[in-house]
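Enquirer: Provided below: final_12.txt, containing compact mmCIF, C-alpha atoms and all ligand atoms.
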```txt
# COMPACT_ATOMS: atom_id res chain seq x y z
CA MET K 1 112.28 97.48 92.32
CA GLY K 2 110.05 97.91 95.40
CA GLY K 3 108.51 101.21 96.53
CA HIS K 4 107.79 104.01 94.17
CA LEU K 5 110.09 106.96 93.70
CA PRO K 6 108.99 109.66 91.29
CA VAL K 7 111.85 110.95 89.16
CA MET K 8 113.40 114.44 89.37
CA VAL K 9 110.46 115.88 91.30
CA ALA K 10 112.18 119.08 92.43
CA GLU K 11 113.58 119.78 88.97
CA VAL K 12 110.26 119.10 87.24
CA MET K 13 108.31 121.28 89.68
CA GLY K 14 110.89 124.04 89.15
CA LEU K 15 110.39 123.84 85.38
CA LEU K 16 106.59 123.75 85.59
CA GLY K 17 106.47 126.71 88.00
CA LEU K 18 102.93 125.95 89.17
CA ARG K 19 101.00 128.60 91.08
CA ALA K 20 97.87 128.54 93.21
CA GLY K 21 94.67 128.21 91.20
CA GLU K 22 96.33 126.81 88.06
CA VAL K 23 95.37 123.78 86.00
CA TYR K 24 97.91 120.91 85.93
CA ALA K 25 97.58 118.05 83.45
CA ASP K 26 99.43 114.82 84.26
CA CYS K 27 99.52 112.75 81.06
CA THR K 28 101.02 109.77 82.92
CA ALA K 29 99.64 109.95 86.46
CA GLY K 30 101.23 106.62 87.49
CA LEU K 31 101.29 106.38 91.27
CA GLY K 32 100.76 110.10 91.63
CA GLY K 33 104.24 111.13 92.79
CA HIS K 34 104.41 114.22 90.59
CA ALA K 35 100.66 114.83 90.77
CA VAL K 36 100.79 115.10 94.58
CA GLU K 37 103.46 117.79 94.40
CA ALA K 38 101.54 119.61 91.68
CA ALA K 39 98.29 119.37 93.68
CA ARG K 40 99.94 120.98 96.70
CA ARG K 41 101.06 123.86 94.52
CA VAL K 42 97.81 124.55 92.66
CA GLY K 43 95.89 124.18 95.94
CA PRO K 44 92.13 123.98 96.50
CA ARG K 45 91.35 126.61 93.85
CA GLY K 46 93.34 124.69 91.24
CA THR K 47 92.62 121.68 89.06
CA VAL K 48 94.59 118.47 88.62
CA VAL K 49 93.86 116.45 85.49
CA LEU K 50 94.98 112.85 85.89
CA ASN K 51 95.43 110.59 82.87
CA ASP K 52 96.79 107.05 82.61
CA LEU K 53 96.28 104.04 80.36
CA ASP K 54 96.38 101.85 83.46
CA ALA K 55 93.07 102.09 85.33
CA GLY K 56 94.66 100.81 88.56
CA ASN K 57 97.36 103.48 88.46
CA LEU K 58 94.82 106.17 87.75
CA GLU K 59 92.97 105.11 90.89
CA ARG K 60 96.22 105.03 92.89
CA ALA K 61 97.20 108.51 91.70
CA ALA K 62 93.79 109.96 92.58
CA ALA K 63 93.95 108.36 96.05
CA ALA K 64 97.48 109.71 96.58
CA VAL K 65 96.35 113.25 95.72
CA ARG K 66 93.32 112.98 98.01
CA GLU K 67 95.42 111.67 100.90
CA ALA K 68 98.24 114.18 100.50
CA CYS K 69 96.01 117.24 100.25
CA GLY K 70 93.52 116.44 103.00
CA GLY K 71 90.92 119.22 103.12
CA ASP K 72 92.81 121.35 100.57
CA VAL K 73 92.36 119.00 97.66
CA PRO K 74 92.11 120.64 94.22
CA ARG K 75 89.44 119.68 91.70
CA VAL K 76 90.54 116.32 90.28
CA VAL K 77 89.47 115.29 86.78
CA ARG K 78 90.35 111.78 85.62
CA PHE K 79 90.76 110.30 82.17
CA GLN K 80 91.65 106.67 81.52
CA GLY K 81 93.30 106.33 78.14
CA ASN K 82 96.21 107.08 75.88
CA PHE K 83 97.79 110.49 76.44
CA ALA K 84 97.72 111.03 72.68
CA GLU K 85 93.94 111.34 73.10
CA LEU K 86 94.03 113.43 76.27
CA PRO K 87 94.24 116.80 74.45
CA ARG K 88 90.97 116.21 72.56
CA ARG K 89 89.29 114.92 75.71
CA MET K 90 90.40 117.97 77.68
CA GLU K 91 89.21 120.30 74.94
CA ALA K 92 85.85 118.53 74.90
CA GLU K 93 85.57 119.28 78.64
CA GLY K 94 86.70 122.89 78.16
CA LEU K 95 89.91 122.29 80.11
CA SER K 96 93.04 124.29 79.35
CA ALA K 97 96.26 123.49 81.24
CA ASP K 98 98.77 125.94 82.65
CA ALA K 99 101.26 123.09 82.91
CA ALA K 100 101.44 119.54 81.57
CA LEU K 101 103.80 116.66 82.31
CA ALA K 102 104.48 113.36 80.54
CA ASP K 103 106.72 110.98 82.52
CA LEU K 104 107.18 108.27 79.91
CA GLY K 105 107.27 104.50 80.16
CA PHE K 106 106.35 102.08 82.91
CA ALA K 107 105.70 102.54 86.63
CA SER K 108 107.30 100.52 89.41
CA VAL K 109 104.06 98.54 89.91
CA HIS K 110 104.35 97.20 86.39
CA VAL K 111 107.66 95.44 87.04
CA ASP K 112 106.90 94.64 90.68
CA ASP K 113 103.71 92.77 89.82
CA ALA K 114 104.79 89.54 88.10
CA ALA K 115 101.27 89.03 86.76
CA ARG K 116 101.68 92.03 84.44
CA GLY K 117 104.48 90.28 82.54
CA PHE K 118 106.92 93.23 82.32
CA SER K 119 109.77 91.67 84.29
CA PHE K 120 112.31 89.21 82.91
CA MET K 121 113.29 88.50 86.52
CA ARG K 122 109.90 87.16 87.57
CA GLU K 123 107.80 84.37 86.13
CA GLY K 124 104.52 85.63 84.75
CA PRO K 125 102.27 85.65 81.70
CA LEU K 126 103.83 87.44 78.72
CA ASP K 127 101.50 90.44 78.76
CA MET K 128 103.15 93.92 79.12
CA ARG K 129 100.04 95.98 78.35
CA TYR K 130 99.63 99.17 80.40
CA ASP K 131 95.91 98.88 79.74
CA ALA K 132 95.35 95.24 80.58
CA SER K 133 91.82 95.39 79.16
CA ALA K 134 92.68 96.19 75.54
CA GLY K 135 95.01 95.50 72.65
CA SER K 136 97.54 92.78 71.88
CA SER K 137 99.82 91.32 74.55
CA ALA K 138 103.54 90.59 74.18
CA ALA K 139 102.62 86.90 73.77
CA ASP K 140 100.33 87.82 70.85
CA LEU K 141 103.23 89.61 69.13
CA VAL K 142 105.88 86.98 69.90
CA ASN K 143 103.66 84.12 68.71
CA GLY K 144 101.90 85.89 65.87
CA LEU K 145 104.23 88.27 64.04
CA PRO K 146 106.28 87.23 61.04
CA GLU K 147 109.98 86.71 61.77
CA ALA K 148 111.09 89.84 59.87
CA GLU K 149 108.69 92.03 61.82
CA LEU K 150 109.86 90.61 65.15
CA ALA K 151 113.47 91.27 64.15
CA SER K 152 112.69 94.83 63.19
CA ILE K 153 110.93 95.49 66.54
CA LEU K 154 113.93 94.11 68.45
CA ARG K 155 116.37 96.15 66.37
CA GLU K 156 114.43 99.41 66.35
CA TYR K 157 113.02 99.51 69.89
CA GLY K 158 115.63 97.40 71.70
CA GLU K 159 118.67 98.46 69.70
CA GLU K 160 119.41 94.73 69.73
CA ARG K 161 122.30 93.72 67.51
CA GLU K 162 121.28 90.06 67.58
CA ALA K 163 117.74 90.89 66.47
CA ARG K 164 117.69 88.52 63.49
CA ARG K 165 119.10 85.57 65.39
CA ILE K 166 116.69 86.09 68.29
CA ALA K 167 113.72 86.41 65.93
CA ARG K 168 114.72 83.21 64.13
CA LYS K 169 114.99 81.33 67.42
CA LEU K 170 111.63 82.69 68.63
CA VAL K 171 109.94 81.44 65.48
CA ALA K 172 111.54 78.00 65.87
CA GLU K 173 110.59 77.80 69.55
CA ARG K 174 107.01 78.92 69.08
CA ALA K 175 106.53 76.17 66.49
CA VAL K 176 107.30 73.67 69.27
CA GLU K 177 105.03 75.37 71.80
CA PRO K 178 103.60 78.91 72.04
CA ILE K 179 105.82 81.25 74.12
CA SER K 180 103.51 82.38 76.87
CA THR K 181 105.67 83.24 79.90
CA THR K 182 108.33 85.81 80.75
CA GLN K 183 110.86 83.18 81.85
CA ARG K 184 110.55 81.13 78.69
CA LEU K 185 111.11 84.24 76.58
CA ALA K 186 114.04 85.41 78.71
CA GLY K 187 115.58 81.93 78.55
CA ILE K 188 115.32 81.84 74.74
CA VAL K 189 116.98 85.26 74.41
CA ARG K 190 119.78 84.27 76.80
CA SER K 191 120.32 81.04 74.87
CA VAL K 192 120.97 83.12 71.73
CA CYS K 193 123.03 85.93 73.25
CA GLY K 194 124.78 84.22 76.16
CA ARG K 195 125.76 86.25 79.21
CA SER K 196 129.12 87.89 79.45
CA GLY K 197 128.68 90.18 82.45
CA GLY K 198 126.94 93.52 81.97
CA ILE K 199 123.20 93.75 81.61
CA ASP K 200 120.98 90.72 81.12
CA PRO K 201 120.50 90.32 77.33
CA ALA K 202 116.76 89.87 77.94
CA THR K 203 116.63 93.57 78.94
CA ARG K 204 116.70 94.76 75.33
CA THR K 205 114.09 92.28 74.08
CA PHE K 206 111.73 93.10 76.94
CA GLN K 207 112.13 96.85 76.34
CA ALA K 208 111.48 96.39 72.62
CA LEU K 209 108.34 94.33 73.16
CA ARG K 210 107.01 96.72 75.81
CA ILE K 211 107.42 99.65 73.42
CA ALA K 212 105.74 97.73 70.58
CA VAL K 213 102.87 96.32 72.70
CA ASN K 214 101.94 99.78 73.97
CA ASP K 215 102.77 101.65 70.75
CA GLU K 216 104.89 103.97 72.88
CA SER K 217 106.49 105.61 69.89
CA GLY K 218 103.19 106.32 68.14
CA SER K 219 101.65 107.66 71.36
CA LEU K 220 104.55 110.03 72.00
CA HIS K 221 104.35 111.36 68.45
CA GLY K 222 100.62 111.86 68.91
CA LEU K 223 101.23 113.85 72.09
CA LEU K 224 103.95 115.96 70.47
CA ARG K 225 101.63 116.72 67.54
CA ALA K 226 98.98 117.84 70.04
CA VAL K 227 101.50 120.15 71.74
CA GLU K 228 102.26 121.70 68.37
CA ARG K 229 98.56 122.04 67.62
CA ALA K 230 98.09 123.85 70.95
CA ALA K 231 101.03 126.16 70.20
CA ARG K 232 99.55 127.08 66.82
CA SER K 233 96.12 127.68 68.35
CA VAL K 234 97.61 129.91 71.07
CA ALA K 235 99.54 131.86 68.39
CA ALA K 236 96.25 132.34 66.54
CA GLY K 237 94.60 133.56 69.73
CA GLU K 238 92.42 130.45 69.99
CA ARG K 239 91.68 128.32 73.02
CA ALA K 240 93.57 125.02 73.32
CA TRP K 241 94.24 122.21 75.80
CA ILE K 242 97.37 124.10 76.89
CA GLY K 243 96.89 127.81 77.39
CA PRO K 244 99.14 130.82 76.65
CA GLY K 245 102.37 130.51 78.64
CA GLY K 246 101.52 126.89 79.45
CA ARG K 247 104.58 124.86 80.42
CA VAL K 248 105.08 121.39 78.98
CA ALA K 249 107.66 119.00 80.40
CA VAL K 250 108.54 115.51 79.20
CA ILE K 251 110.69 113.02 81.13
CA SER K 252 112.23 110.38 78.91
CA PHE K 253 114.37 107.36 79.70
CA HIS K 254 116.09 106.46 76.45
CA SER K 255 117.19 108.11 73.24
CA LEU K 256 114.24 106.72 71.24
CA GLU K 257 111.99 108.83 73.46
CA ASP K 258 114.25 111.82 73.95
CA ARG K 259 115.11 112.39 70.29
CA PRO K 260 111.58 113.19 69.06
CA VAL K 261 110.92 115.39 72.12
CA LYS K 262 114.14 117.33 71.55
CA ARG K 263 113.31 117.76 67.84
CA ALA K 264 109.69 118.78 68.40
CA PHE K 265 110.49 121.28 71.16
CA ALA K 266 113.39 122.81 69.21
CA GLY K 267 111.13 123.17 66.15
CA LEU K 268 108.51 125.07 68.15
CA VAL K 269 111.11 127.37 69.72
CA GLU K 270 112.72 128.07 66.31
CA ARG K 271 109.36 129.02 64.83
CA GLY K 272 108.59 131.34 67.73
CA LEU K 273 105.65 129.18 68.85
CA ALA K 274 107.25 128.36 72.21
CA THR K 275 110.12 129.38 74.45
CA ALA K 276 112.64 127.07 76.10
CA VAL K 277 112.13 126.88 79.86
CA ALA K 278 115.56 125.34 80.38
CA ARG K 279 118.55 125.15 78.07
CA GLY K 280 118.79 121.64 76.58
CA HIS K 281 117.79 118.92 79.02
CA MET K 282 118.20 118.39 82.74
CA GLY K 283 119.33 115.13 84.33
CA PRO K 284 119.03 113.78 87.87
CA ARG K 285 121.38 114.65 90.71
CA VAL K 286 123.96 112.05 91.78
CA GLU K 287 122.14 111.50 95.10
CA GLU K 288 118.90 110.74 93.27
CA VAL K 289 120.56 108.13 91.05
CA GLU K 290 122.05 106.51 94.15
CA ALA K 291 118.62 106.30 95.76
CA ASN K 292 116.74 105.36 92.57
CA PRO K 293 118.70 103.60 89.80
CA ARG K 294 115.82 104.07 87.35
CA ALA K 295 116.51 107.83 87.46
CA ARG K 296 119.96 107.24 85.93
CA SER K 297 118.86 107.63 82.33
CA ALA K 298 116.14 110.25 82.93
CA LYS K 299 116.16 113.47 80.91
CA VAL K 300 113.62 116.23 81.26
CA ARG K 301 112.95 118.90 78.65
CA ALA K 302 110.50 121.76 78.99
CA ILE K 303 109.04 124.56 76.90
CA ALA K 304 106.44 127.25 77.47
CA ILE K 305 103.77 127.75 74.83
CA GLY K 306 103.82 131.21 73.28
CA ASP K 307 106.41 133.54 71.79
CA ALA K 308 109.46 134.93 73.56
CA ALA K 309 108.08 138.48 73.46
CA GLY K 310 105.37 137.30 75.79
CA GLU K 311 102.60 138.44 73.45
CA HIS K 312 100.94 135.04 73.67
CA GLY K 313 103.04 133.55 76.39
CA THR K 314 102.60 135.96 79.26
CA ARG K 315 102.61 134.40 82.68
C1 LIG K 401 106.82 106.52 84.77
S1 LIG K 401 105.15 106.20 85.16
C2 LIG K 401 104.59 107.74 85.78
C3 LIG K 401 104.92 107.94 87.23
C4 LIG K 401 104.31 109.20 87.83
N1 LIG K 401 104.87 110.40 87.26
C5 LIG K 401 104.46 109.20 89.31
O1 LIG K 401 105.04 110.15 89.85
O2 LIG K 401 103.98 108.28 89.96
C6 LIG K 401 104.39 106.16 83.61
C7 LIG K 401 102.90 105.90 83.60
O3 LIG K 401 102.43 106.22 82.31
C8 LIG K 401 101.47 105.29 81.89
N2 LIG K 401 101.51 105.31 80.45
C9 LIG K 401 102.47 104.84 79.62
N3 LIG K 401 102.18 105.12 78.36
C10 LIG K 401 101.02 105.81 78.35
C11 LIG K 401 100.20 106.38 77.33
N4 LIG K 401 100.52 106.31 76.05
N5 LIG K 401 99.09 107.03 77.71
C12 LIG K 401 98.73 107.12 79.02
N6 LIG K 401 99.45 106.59 80.02
C13 LIG K 401 100.57 105.93 79.69
C14 LIG K 401 101.86 103.99 82.55
O4 LIG K 401 100.74 103.17 82.75
C15 LIG K 401 102.47 104.47 83.87
O5 LIG K 401 101.51 104.45 84.89
```
Please, can you express the file's structure as structure tokens?
Ligand SMILES: C[S@@+](CC[C@H](N)C(=O)[O-])C[C@H]1O[C@@H](n2cnc3c(N)ncnc32)[C@H](O)[C@@H]1O
Expert:
Amino acid sequence: MGGHLPVMVAEVMGLLGLRAGEVYADCTAGLGGHAVEAARRVGPRGTVVLNDLDAGNLERAAAAVREACGGDVPRVVRFQGNFAELPRRMEAEGLSADAALADLGFASVHVDDAARGFSFMREGPLDMRYDASAGSSAADLVNGLPEAELASILREYGEEREARRIARKLVAERAVEPISTTQRLAGIVRSVCGRSGGIDPATRTFQALRIAVNDESGSLHGLLRAVERAARSVAAGERAWIGPGGRVAVISFHSLEDRPVKRAFAGLVERGLATAVARGHMGPRVEEVEANPRARSAKVRAIAIGDAAGEHGTR
């Protein structure tokens, strides 16, 4: 993939509407592409909260903000961990955001660095953990899970129609020798599915394992529950990790991610706990997709915490 291009920056900044002195929370700081733009907007009187599971990315994002802002750098607060836990950590520090962003999934460094094991194009250890210091790797799952569980991961998170056949083959192959590299796994999947043009069949298996290894679905649900909790607190006049009128934007890359965001945001708007910042979702411009193929499937949705009358949501 090479180089790092943050997705839909202008659109996201438009939706977040950051102003000088505000607090911006980046749930997925990554390489800091969005954070840099946010930092410029909140300015030296503002605060940028950076969070990432990947300690290396967190460091990269903080460095990018420092470099981009020079002497006008905002206060930067860092948290290394799952964004599902960020709300509690912010509340413990007395931080309340005016805008928050979650840009889901992996960063370019994850697929570019073969040693992280995310890429089916490069030989590497079968790892795929965003936080390389904790939890089970893709190799642990592939070599340790029962066949039925593997099949259900491939079906649910990869939308893989050959899930059962792939799982059966994985179990047979691991009995011969543990599956410990990306190329061996990709080869096994291709041997089951064949290649008839279109995308590499390993794509779906790698996506499924990445989602399972990092519990991406559980983390997103945790974050969405925390947004709802903040909305209820704001409605009750209580302090929360997102303040009254706080904008929340989520960038997703496939329907498994977008569906729960759409449902959660719509539920909050229906109950008068939030207002829609944009109608439905926004997608990337044609020029952006040409420059950055990963942007192709991006969708961003945004709400503002508080009711439409502005009683709790005044900005
Ligand atoms: C698409 S990248 C973000 C890119 C960033 N917006 C930028 O402009 O550079 C997603 C980042 O989220 C991190 N991540 C994924 N799941 C996470 C989770 N549950 N909690 C915290 N960080 C997570 C990944 O490590 C990765 O760095």
Enquirer: Might you pull out every residue within 10 Å of Arg294 of chain K, with all atoms listed in the file counted and same-chain residues fewer than 3 positions away left off, and present them as an MDAnalysis selection string?
Expert: chainID K and resid 1 5:7 108 253 288:291 297:298
Enquirer: Just want the 12 Å neighbourhood of Glu93 of chain K, counted on all atoms listed in the file, with same-chain residues fewer than 6 positions away dropped. Output as a PyMOL selection string.
Expert: chain K and resi 49+77-79+86-87+240-241
Enquirer: Here is a test: counting all atoms listed in the file, which residue of K:Glu173, K:Asp307, K:Asp52, K:Glu238 is nearest to ligand LIG 401 (chain K)?
Expert: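 Looking at the shortest contact to ligand LIG 401 (chain K), the residue is K:Asp52.
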Enquirer: Is it possible to get the residues within 8 Å of (119.9, 114.7, 82.5) (coordinates as in the file, counting all atoms listed in the file) written as a PDB file with C-alpha atoms, keeping the file's coordinate frame?
Expert:
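Now in result12.pdb:
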```pdb
ATOM      1  CA  HIS K 281     117.790 118.920  79.020  1.00  0.00           C
ATOM      2  CA  MET K 282     118.200 118.390  82.740  1.00  0.00           C
ATOM      3  CA  GLY K 283     119.330 115.130  84.330  1.00  0.00           C
ATOM      4  CA  PRO K 284     119.030 113.780  87.870  1.00  0.00           C
ATOM      5  CA  SER K 297     118.860 107.630  82.330  1.00  0.00           C
ATOM      6  CA  ALA K 298     116.140 110.250  82.930  1.00  0.00           C
ATOM      7  CA  LYS K 299     116.160 113.470  80.910  1.00  0.00           C
ATOM      8  CA  VAL K 300     113.620 116.230  81.260  1.00  0.00           C
TER       9      VAL K 300
END
```
Enquirer: Can you write out as CSV which residues of chain K fall within 6 Å of ligand LIG 401 (chain K), alongside each residue's closest atom pair and its distance in Å to one decimal, counting all atoms listed in the file and ordering rows by chain and ascending residue number?
Expert:
```
residue,atom,partner,partner_atom,distance
K:Pro6,CA,K:LIG401,O1,4.2
K:Thr28,CA,K:LIG401,O3,3.9
K:Ala29,CA,K:LIG401,C4,4.9
K:Gly30,CA,K:LIG401,O5,3.4
K:Leu31,CA,K:LIG401,O2,3.5
K:Gly32,CA,K:LIG401,O2,4.1
K:Gly33,CA,K:LIG401,O1,3.2
K:His34,CA,K:LIG401,O1,4.2
K:Asp52,CA,K:LIG401,N6,3.7
K:Leu53,CA,K:LIG401,N6,4.1
K:Asp54,CA,K:LIG401,O4,4.6
K:Asn57,CA,K:LIG401,O5,5.6
K:Gly81,CA,K:LIG401,C12,5.6
K:Asn82,CA,K:LIG401,N5,3.4
K:Phe83,CA,K:LIG401,N5,3.9
K:Asp103,CA,K:LIG401,C1,5.0
K:Leu104,CA,K:LIG401,C6,5.1
K:Gly105,CA,K:LIG401,C6,4.8
K:Phe106,CA,K:LIG401,C6,4.6
K:Ala107,CA,K:LIG401,S1,4.0
K:Tyr130,CA,K:LIG401,O4,4.8
K:Glu216,CA,K:LIG401,N4,5.9
K:Ser219,CA,K:LIG401,N4,5.0
```
Enquirer: Compile the contact shell of Ala302 of chain K as a ChimeraX atom specification: residues with an atom at most 12 Å away, counting all atoms listed in the file, same-chain residues fewer than 6 positions apart removed.
Expert: /K:11-17,99-103,227,245-252,258,261-262,264-266,268-269,274-282
Enquirer: Specify the axis-aligned box that encloses all atoms of segment 223-239 of chain K listed in the file after padding of 6 Å on each side, stating its centre and edge lengths in Å to one decimal as AutoDock Vina command-line options.
Expert:
```
--center_x 97.8 --center_y 123.7 --center_z 69.8 --size_x 24.3 --size_y 31.7 --size_z 18.5
```
Enquirer: Have a look at atom CA of Pro201 of chain K and atom CA of Val171 of chain K and let me know their distance in Å, one decimal.
Expert: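 Those two atoms sit 18.2 Å apart.
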Enquirer: Given the choices K:Ala186, K:Glu22, K:Ala92, K:Gly198, which gets closest to Arg41 of chain K if the distance is worked out from only C-alpha atoms?
Expert: K:Glu22
Enquirer: Please identify all polymer residues lying at most 12 Å from the point (100.8, 114.7, 96.5) (file coordinates), using all atoms listed in the file, and present the result as a PDB file with C-alpha atoms, in the coordinates of the input.
Expert:
```
ATOM      1  CA  PRO K   6     108.990 109.660  91.290  1.00  0.00           C
ATOM      2  CA  VAL K   9     110.460 115.880  91.300  1.00  0.00           C
ATOM      3  CA  ALA K  29      99.640 109.950  86.460  1.00  0.00           C
ATOM      4  CA  LEU K  31     101.290 106.380  91.270  1.00  0.00           C
ATOM      5  CA  GLY K  32     100.760 110.100  91.630  1.00  0.00           C
ATOM      6  CA  GLY K  33     104.240 111.130  92.790  1.00  0.00           C
ATOM      7  CA  HIS K  34     104.410 114.220  90.590  1.00  0.00           C
ATOM      8  CA  ALA K  35     100.660 114.830  90.770  1.00  0.00           C
ATOM      9  CA  VAL K  36     100.790 115.100  94.580  1.00  0.00           C
ATOM     10  CA  GLU K  37     103.460 117.790  94.400  1.00  0.00           C
ATOM     11  CA  ALA K  38     101.540 119.610  91.680  1.00  0.00           C
ATOM     12  CA  ALA K  39      98.290 119.370  93.680  1.00  0.00           C
ATOM     13  CA  ARG K  40      99.940 120.980  96.700  1.00  0.00           C
ATOM     14  CA  ARG K  41     101.060 123.860  94.520  1.00  0.00           C
ATOM     15  CA  VAL K  42      97.810 124.550  92.660  1.00  0.00           C
ATOM     16  CA  GLY K  43      95.890 124.180  95.940  1.00  0.00           C
ATOM     17  CA  VAL K  48      94.590 118.470  88.620  1.00  0.00           C
ATOM     18  CA  ARG K  60      96.220 105.030  92.890  1.00  0.00           C
ATOM     19  CA  ALA K  61      97.200 108.510  91.700  1.00  0.00           C
ATOM     20  CA  ALA K  62      93.790 109.960  92.580  1.00  0.00           C
ATOM     21  CA  ALA K  63      93.950 108.360  96.050  1.00  0.00           C
ATOM     22  CA  ALA K  64      97.480 109.710  96.580  1.00  0.00           C
ATOM     23  CA  VAL K  65      96.350 113.250  95.720  1.00  0.00           C
ATOM     24  CA  ARG K  66      93.320 112.980  98.010  1.00  0.00           C
ATOM     25  CA  GLU K  67      95.420 111.670 100.900  1.00  0.00           C
ATOM     26  CA  ALA K  68      98.240 114.180 100.500  1.00  0.00           C
ATOM     27  CA  CYS K  69      96.010 117.240 100.250  1.00  0.00           C
ATOM     28  CA  GLY K  70      93.520 116.440 103.000  1.00  0.00           C
ATOM     29  CA  ASP K  72      92.810 121.350 100.570  1.00  0.00           C
ATOM     30  CA  VAL K  73      92.360 119.000  97.660  1.00  0.00           C
ATOM     31  CA  PRO K  74      92.110 120.640  94.220  1.00  0.00           C
TER      32      PRO K  74
END
```
Enquirer: Rounded to one decimal place, report the atom CA of Ala134 of chain K-atom CA of Asp215 of chain K distance in Å.
Expert: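 Atom-to-atom, atom CA of Ala134 of chain K and atom CA of Asp215 of chain K are spaced 12.4 Å apart.
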Enquirer: Rounded to one decimal place, report the atom CA of Gly46 of chain K-atom CA of Ala295 of chain K distance in Å.
Expert: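 Value for the atom CA of Gly46 of chain K-atom CA of Ala295 of chain K distance: 28.9 Å.
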Enquirer: Could you check which of K:Ala167, K:Gly306, K:Leu256, K:Arg184 is closest to Ala235 of chain K, using all atoms listed in the file?
Expert: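 Smallest distance to Ala235 of chain K is found for K:Gly306.
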Enquirer: K:Ser137, K:Gly222, K:Glu162, K:Asn143: which is nearest Glu177 of chain K, counting only C-alpha atoms?
Expert: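 The shortest atom-to-atom distance to Glu177 of chain K comes from K:Asn143.
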Enquirer: Smallest atom-to-atom distance to Val142 of chain K: which of K:Ser217, K:Thr205, K:Thr47, K:Ser196, using all atoms listed in the file?
Expert: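 Between K:Ser217, K:Thr205, K:Thr47, K:Ser196, the residue approaching Val142 of chain K most closely is K:Thr205.
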Enquirer: Nearest to Val189 of chain K among K:Glu160, K:Ile153, K:Ala212, K:Gly144, with distances taken over all atoms listed in the file: which residue is it?
Expert: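 Smallest separation from Val189 of chain K among the options: K:Glu160.
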Enquirer: For Arg165 of chain K, find every residue with an atom within 12 Å (counting all atoms listed in the file), except residues of its own chain fewer than 4 positions away, and show them as a list in words.
Expert: Glu147, Ala148, Leu150, Ala151, Ser152, Leu154, Arg155, Glu160, Arg161, Lys169, Leu170, Val171, Ala172, Ile188, Val189, Arg190, Ser191, Val192 and Cys193 of chain K
